[in-house]
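Student: Sending over a structure as structure tokens; questions will come in a sec.
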Amino acid sequence: MPLALEKIDIVAKRMVLAVQDYSIFCWQSVANLFRTPKYWGDVLQQADLIGVGSVPIVVLTGFFTGGVLALQSAQSLAQFGAQAYTGRFVSLSMIRELAPVLTGLMVSGRNAGGMASELGSMQVTEQIDAMRALGTDPMKKLVTPRMLSTVVMLFLLTIISDTLGTAGGAFVSVFINNQNGTQYFTSAYQALAYADIAQGLTKPLFFGFIIATIGCFFGMRTTGGTQGVGRSTTQAVVVSSILIIFVDFLLSRAMLWIFSGF
Amino acid sequence: MAYSVQFAHEPASAHGSSEPVVVFEHVSIGFNDLKVLKDVSFQVGPGETRILLGPAGVGKSVLLKLVNGLLRPDSGRILLFGEDITHMTERELFPLRTRTGMVFQEGALFDSLAVRDNVGYQLMERHKPVDEVDRRVRDSLRFVELEHTYDLLPASLSGGMRRRVAIARAIIDQPDLILYDSPTGGLDPITSTTIIELVVKERDVLGTPSLLVTHRLQDAFTMVTHRFDQTQNKMVPLPHGQINAKTSFLVLHDGKLIFDGTTAELITSQDPFIKEFLA
């Protein structure tokens, strides 16, 4: 086999193996939810670190994204005399798409990297092996609590982002574009259907799972000392961000098909 | 000051069982086409201390991790406490691992937990009452003479203190086997002697079988030529010409076990590598 083909063959096999390992990893992290012992204390601690710790960035991102949306859309809508629909535009964009994706990306940047570096450091200093040697399953103790906390907290953070995004849009509409506040909120509220909220709140469940499992997966596979920890951290952030955007596309397509029939 | 340390129960070796604690039968393992261990066979008997010698990077730590199933062999068979662990699942291995204490090369203490929580980790995992955990942690820390570090974080301990805390963590549940992975690696001679004194103390006071990995000959020979005197609470040399009969040697070279025998046999070995290694 020529050298180039041989290299492609090796890389392809490695990728398939990584996907296989990741699938098993995900399965174990979910299956552990139904196995004892349960580490509820770790779940709460992680919920605090991941969820409460991410509130400031989610608040700021949500508020300013809503504001920018209102700023940009009002100008375009005014050309058609439809500036009154700014609220509708902002709320639909935020709730369906921007709040889940942006919150996912922000939490991914903060926590997928954090998990990869924390578990990676534990791996290279043999703390994970020490845990196994002491009779504790690191998947149950370290991975499953992070996965459960991230899924639950990202769901709640997305609701915060939805709210703050709509509020940011209102702030810009009322104080900068001199629109009527009641008109904005009525338009924003009336545009929303059950399907929009269902779509917007289903996505963070998947995104939270991706952030935690990718962060932990790269952390637990770390080799090569401190340099390896840095590499795992970067890979975790890059892969989780790309996966969030890719899965968002798949979910949007699936949701449109489920709720709208096309 | 002399003292004795009270633990919850006696080790299995103290119950008079004659069954080997560890058995390796033709064990081989490799990583990425590189064979690390080739056809390794040996045993650790009850009450025995086996010292595994060999140059750095020869696979000593890999062998130690095979003993309690942290790594799986490519071929061969490993028995731990009489049970074949070669094909056991991770979940089946956990109960056996709780009977094994392991001291890692750099201590491997959980850096986000205080010394108390590190040492009492196993007991806390089993939801033992807080009073019992506190008492046994203090007992264990007293054994390694580090009771004052109870509330400290590992980051505030020196390298030698971390190893001693790691020993305290390994012995707290009075295991049936202790695995020491280069416990003196990277330490100065005085601290190394302190650590070896603790290993000898553990051997002579508690009588737990153990497998100790090292590339430092002076540590190995200190162990066979000394005993722990409980009345003086320190390690003392054995009378001239006497050696500890329960301590014997294994030597790894180029992935193969080239020696398995007593101190006298090691010293008189005609193997060129061993002669050079001992020189």
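Just remember, in the structure tokens the first chain shown is A, the second B, etc., residues are 1-based per chain, and ligands are 1-based in the order shown.
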Need to verify the contact set: stretch 157-171 of chain A, 9 Å, only C-alpha atoms, exclusion of same-chain residues closer than 4 positions in sequence. Can you return it as a PDB file with C-alpha atoms, in the first residue's frame?

Tutor:
```pdb
ATOM      1  CA  GLY A  51     -24.862  26.156  36.311  1.00  0.00           C
ATOM      2  CA  VAL A  52     -24.607  28.917  38.875  1.00  0.00           C
ATOM      3  CA  SER A  54     -22.197  30.218  34.191  1.00  0.00           C
ATOM      4  CA  VAL A  55     -25.073  32.584  35.033  1.00  0.00           C
ATOM      5  CA  VAL A  58     -25.267  33.614  29.999  1.00  0.00           C
ATOM      6  CA  VAL A  59     -27.020  36.745  31.304  1.00  0.00           C
ATOM      7  CA  LEU A  60     -24.658  39.079  29.443  1.00  0.00           C
ATOM      8  CA  THR A  61     -24.681  37.018  26.232  1.00  0.00           C
ATOM      9  CA  GLY A  62     -28.478  36.696  26.214  1.00  0.00           C
ATOM     10  CA  PHE A  63     -29.156  40.355  26.968  1.00  0.00           C
ATOM     11  CA  PHE A  64     -26.787  41.787  24.371  1.00  0.00           C
ATOM     12  CA  THR A  65     -27.776  39.260  21.687  1.00  0.00           C
ATOM     13  CA  GLY A  66     -31.420  40.241  22.123  1.00  0.00           C
ATOM     14  CA  GLY A  67     -30.390  43.893  21.999  1.00  0.00           C
ATOM     15  CA  VAL A  68     -28.377  43.477  18.795  1.00  0.00           C
ATOM     16  CA  LEU A  69     -31.212  41.522  17.183  1.00  0.00           C
ATOM     17  CA  ALA A  70     -33.631  44.342  17.944  1.00  0.00           C
ATOM     18  CA  LEU A  71     -31.173  46.947  16.698  1.00  0.00           C
ATOM     19  CA  THR A  86     -39.494  43.614  16.196  1.00  0.00           C
ATOM     20  CA  GLY A  87     -40.682  41.799  19.342  1.00  0.00           C
ATOM     21  CA  VAL A  90     -36.488  38.844  18.587  1.00  0.00           C
ATOM     22  CA  SER A  91     -38.488  36.359  20.645  1.00  0.00           C
ATOM     23  CA  MET A  94     -33.959  33.878  20.625  1.00  0.00           C
ATOM     24  CA  ILE A  95     -36.250  31.101  21.811  1.00  0.00           C
ATOM     25  CA  LEU A  98     -30.037  31.765  19.423  1.00  0.00           C
ATOM     26  CA  ALA A  99     -30.548  31.229  23.153  1.00  0.00           C
ATOM     27  CA  PRO A 100     -29.977  27.439  23.071  1.00  0.00           C
ATOM     28  CA  VAL A 101     -27.033  27.624  20.663  1.00  0.00           C
ATOM     29  CA  LEU A 102     -25.287  30.624  22.199  1.00  0.00           C
ATOM     30  CA  THR A 103     -25.816  29.358  25.752  1.00  0.00           C
ATOM     31  CA  GLY A 104     -24.496  25.967  24.627  1.00  0.00           C
ATOM     32  CA  VAL A 152     -30.276  20.038  33.841  1.00  0.00           C
ATOM     33  CA  MET A 153     -28.407  23.320  34.265  1.00  0.00           C
ATOM     34  CA  PHE A 175     -35.055  53.234  24.812  1.00  0.00           C
ATOM     35  CA  ILE A 176     -33.153  53.417  21.511  1.00  0.00           C
ATOM     36  CA  GLN A 179     -41.007  51.854  20.175  1.00  0.00           C
ATOM     37  CA  GLY A 181     -43.099  48.595  25.121  1.00  0.00           C
ATOM     38  CA  TYR A 184     -43.103  44.917  21.676  1.00  0.00           C
ATOM     39  CA  PHE A 185     -44.138  42.460  24.352  1.00  0.00           C
ATOM     40  CA  ALA A 188     -43.234  38.876  21.137  1.00  0.00           C
ATOM     41  CA  GLY A 200     -35.963  25.766  22.025  1.00  0.00           C
ATOM     42  CA  LEU A 201     -36.031  23.737  25.217  1.00  0.00           C
ATOM     43  CA  PRO A 204     -30.217  22.300  25.490  1.00  0.00           C
TER      44      PRO A 204
END
```

Student: Residues within 9 Å of stretch 212-227 of chain B, please, as a PDB file with C-alpha atoms, in the first residue's frame. Count only C-alpha atoms; anything in the same chain fewer than 5 positions from it doesn't count.

Tutor:
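What follows is the written file out15.pdb:
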```pdb
ATOM      1  CA  THR B  49       7.385  -9.119  50.820  1.00  0.00           C
ATOM      2  CA  ARG B  50       8.633  -9.260  47.254  1.00  0.00           C
ATOM      3  CA  ILE B  51      10.906  -6.559  45.925  1.00  0.00           C
ATOM      4  CA  LEU B  52      10.773  -6.036  42.165  1.00  0.00           C
ATOM      5  CA  LEU B  53      14.040  -4.601  40.895  1.00  0.00           C
ATOM      6  CA  GLY B  54      14.905  -3.332  37.463  1.00  0.00           C
ATOM      7  CA  PRO B  55      16.145  -0.287  35.621  1.00  0.00           C
ATOM      8  CA  ALA B  56      13.795   2.625  34.897  1.00  0.00           C
ATOM      9  CA  LYS B  60       7.840  -2.471  36.749  1.00  0.00           C
ATOM     10  CA  SER B  61       4.887  -0.104  37.232  1.00  0.00           C
ATOM     11  CA  LEU B  64       2.169  -3.608  39.475  1.00  0.00           C
ATOM     12  CA  ILE B 178      -0.029  -3.723  49.537  1.00  0.00           C
ATOM     13  CA  LEU B 179       1.478  -2.600  46.239  1.00  0.00           C
ATOM     14  CA  TYR B 180       4.234   0.017  46.434  1.00  0.00           C
ATOM     15  CA  ASP B 181       5.137   1.718  43.154  1.00  0.00           C
ATOM     16  CA  SER B 182       8.609   3.255  43.634  1.00  0.00           C
ATOM     17  CA  PRO B 183       7.676   4.826  46.993  1.00  0.00           C
ATOM     18  CA  THR B 184      11.089   6.507  47.289  1.00  0.00           C
ATOM     19  CA  GLY B 185      11.441   7.626  43.675  1.00  0.00           C
ATOM     20  CA  SER B 192      13.749   7.801  51.367  1.00  0.00           C
ATOM     21  CA  THR B 193      14.942   6.140  54.563  1.00  0.00           C
ATOM     22  CA  ILE B 196      11.471   2.616  53.791  1.00  0.00           C
ATOM     23  CA  GLU B 197      11.218   2.613  57.580  1.00  0.00           C
ATOM     24  CA  VAL B 199       7.377   0.024  54.687  1.00  0.00           C
ATOM     25  CA  VAL B 200       9.450  -2.108  57.085  1.00  0.00           C
ATOM     26  CA  LYS B 201       7.170  -1.076  59.954  1.00  0.00           C
ATOM     27  CA  ARG B 203       5.780  -5.425  57.091  1.00  0.00           C
ATOM     28  CA  ASP B 204       6.894  -6.231  60.651  1.00  0.00           C
ATOM     29  CA  LYS B 234      12.285   2.742  64.961  1.00  0.00           C
ATOM     30  CA  MET B 235      13.945   0.609  62.341  1.00  0.00           C
ATOM     31  CA  VAL B 236      17.040  -1.219  63.629  1.00  0.00           C
ATOM     32  CA  PRO B 237      19.612  -3.376  61.807  1.00  0.00           C
ATOM     33  CA  LEU B 238      19.315  -7.137  62.101  1.00  0.00           C
ATOM     34  CA  PRO B 239      22.246  -8.855  63.836  1.00  0.00           C
ATOM     35  CA  HIS B 240      25.275  -9.265  61.556  1.00  0.00           C
ATOM     36  CA  GLY B 241      24.768 -11.936  58.935  1.00  0.00           C
ATOM     37  CA  GLN B 242      20.985 -12.137  59.401  1.00  0.00           C
ATOM     38  CA  ILE B 243      18.467 -11.132  56.782  1.00  0.00           C
ATOM     39  CA  ASN B 244      14.666 -11.001  56.680  1.00  0.00           C
ATOM     40  CA  ALA B 245      13.629 -14.420  55.405  1.00  0.00           C
ATOM     41  CA  LYS B 246      10.160 -13.268  54.302  1.00  0.00           C
ATOM     42  CA  THR B 247      11.589 -10.695  51.904  1.00  0.00           C
ATOM     43  CA  SER B 248      12.746 -11.896  48.495  1.00  0.00           C
ATOM     44  CA  PHE B 249      13.530 -10.507  45.053  1.00  0.00           C
ATOM     45  CA  THR B 263      18.632 -12.304  48.869  1.00  0.00           C
ATOM     46  CA  PHE B 277      23.030  -4.070  38.240  1.00  0.00           C
ATOM     47  CA  LEU B 278      24.323  -4.935  41.722  1.00  0.00           C
TER      48      LEU B 278
END
```

Student: Which residue gives the smallest distance to B:Pro95 among A:Leu33, A:Ala133, A:Leu77, A:Val229, with only C-alpha atoms counted?

Tutor: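 Among A:Leu33, A:Ala133, A:Leu77, A:Val229, it is A:Ala133 that comes nearest to B:Pro95.
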
Student: Show me which bits of chain B are within 6 Å of chain A, counting only C-alpha atoms, as a ChimeraX atom specification.

Tutor: /B:94,97-98,108

Student: Skip A:Phe209 itself and residues of its chain fewer than 5 positions away, then list as a VMD selection string all residues within 9 Å of it, counting only C-alpha atoms.

Tutor: chain A and resid 26 147 to 148 150 to 151 204 214

Student: So the first atom is atom CA of B:Ala279 and the second is atom CA of B:Thr191; what is the distance between them in Å, to one decimal place?

Tutor: 24.0 Å

Student: List the neighbours of A:Gly219 out to 10 Å using only C-alpha atoms; skip same-chain residues closer than 3 positions along the sequence, and give me the result as a VMD selection string.

Tutor: chain A and resid 112 to 124 213 to 216 222 to 223 228 to 233 235 to 236

Student: Using only N, CA and C atoms, please write the residues we just selected to a file, as a CSV table (one decimal), in the first residue's frame.

Tutor:
```
chain,number,residue,atom,x,y,z
A,112,ALA,N,-16.7,22.6,29.1
A,112,ALA,CA,-16.1,21.4,28.4
A,112,ALA,C,-14.6,21.5,28.6
A,113,GLY,N,-14.0,22.7,28.4
A,113,GLY,CA,-12.6,22.8,28.7
A,113,GLY,C,-12.2,22.6,30.1
A,114,GLY,N,-13.0,23.1,31.0
A,114,GLY,CA,-12.8,22.9,32.4
A,114,GLY,C,-12.8,21.5,32.9
A,115,MET,N,-13.8,20.7,32.3
A,115,MET,CA,-13.9,19.3,32.7
A,115,MET,C,-12.7,18.5,32.1
A,116,ALA,N,-12.3,18.9,30.8
A,116,ALA,CA,-11.2,18.1,30.2
A,116,ALA,C,-9.9,18.4,31.0
A,117,SER,N,-9.7,19.6,31.4
A,117,SER,CA,-8.5,19.9,32.1
A,117,SER,C,-8.4,19.3,33.5
A,118,GLU,N,-9.6,19.4,34.2
A,118,GLU,CA,-9.6,18.8,35.5
A,118,GLU,C,-9.4,17.3,35.5
A,119,LEU,N,-10.2,16.6,34.6
A,119,LEU,CA,-10.0,15.1,34.6
A,119,LEU,C,-8.7,14.8,33.9
A,120,GLY,N,-8.2,15.6,33.0
A,120,GLY,CA,-6.9,15.3,32.4
A,120,GLY,C,-5.8,15.4,33.4
A,121,SER,N,-5.9,16.4,34.2
A,121,SER,CA,-4.9,16.5,35.3
A,121,SER,C,-4.9,15.3,36.2
A,122,MET,N,-6.1,14.9,36.6
A,122,MET,CA,-6.3,13.7,37.4
A,122,MET,C,-5.7,12.5,36.8
A,123,GLN,N,-5.9,12.4,35.4
A,123,GLN,CA,-5.4,11.2,34.7
A,123,GLN,C,-3.9,11.2,34.7
A,124,VAL,N,-3.3,12.3,34.4
A,124,VAL,CA,-1.8,12.3,34.2
A,124,VAL,C,-1.1,12.2,35.6
A,213,THR,N,-20.2,15.1,28.1
A,213,THR,CA,-19.5,13.8,27.6
A,213,THR,C,-18.2,14.1,26.8
A,214,ILE,N,-18.3,15.1,26.0
A,214,ILE,CA,-17.0,15.4,25.2
A,214,ILE,C,-15.9,15.9,26.2
A,215,GLY,N,-16.3,16.8,27.1
A,215,GLY,CA,-15.3,17.3,28.1
A,215,GLY,C,-14.7,16.2,28.9
A,216,CYS,N,-15.5,15.3,29.4
A,216,CYS,CA,-15.1,14.2,30.3
A,216,CYS,C,-14.3,13.2,29.4
A,222,THR,N,-6.6,11.6,28.4
A,222,THR,CA,-5.4,12.5,28.4
A,222,THR,C,-4.2,11.6,28.6
A,223,THR,N,-3.2,11.9,27.8
A,223,THR,CA,-1.9,11.3,28.0
A,223,THR,C,-0.8,12.4,27.7
A,228,GLY,N,-0.3,17.3,27.3
A,228,GLY,CA,-1.5,16.5,27.0
A,228,GLY,C,-2.7,17.1,27.5
A,229,VAL,N,-2.7,17.7,28.8
A,229,VAL,CA,-3.8,18.3,29.4
A,229,VAL,C,-4.3,19.5,28.5
A,230,GLY,N,-3.3,20.3,28.1
A,230,GLY,CA,-3.6,21.5,27.2
A,230,GLY,C,-4.3,21.0,25.9
A,231,ARG,N,-3.7,20.0,25.4
A,231,ARG,CA,-4.3,19.5,24.1
A,231,ARG,C,-5.7,19.0,24.3
A,232,SER,N,-5.9,18.2,25.3
A,232,SER,CA,-7.3,17.7,25.6
A,232,SER,C,-8.3,18.8,25.8
A,233,THR,N,-7.9,19.9,26.5
A,233,THR,CA,-8.7,21.0,26.8
A,233,THR,C,-9.2,21.7,25.5
A,235,GLN,N,-9.1,20.4,22.4
A,235,GLN,CA,-9.9,19.5,21.6
A,235,GLN,C,-11.3,19.4,22.1
A,236,ALA,N,-11.5,19.4,23.4
A,236,ALA,CA,-12.8,19.3,24.0
A,236,ALA,C,-13.7,20.5,23.6
```

Student: Counting only C-alpha atoms, which of B:Pro272, B:Arg162, B:Arg136, B:Arg91 gets nearest to A:Met139?

Tutor: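 Closest residue, counting only C-alpha atoms: B:Arg91.
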
Student: With only C-alpha atoms as the counted atoms, please give the residues lying no more than 12 Å from A:Ala18, apart from itself and same-chain residues fewer than 5 positions off, as a count of residues only.

Tutor: 10

Student: Write out as a PyMOL selection string the residues lying within 9 Å of A:Ala195, counting only C-alpha atoms and excluding same-chain residues fewer than 3 positions away.

Tutor: chain A and resi 192+198-200+255-256+259-260
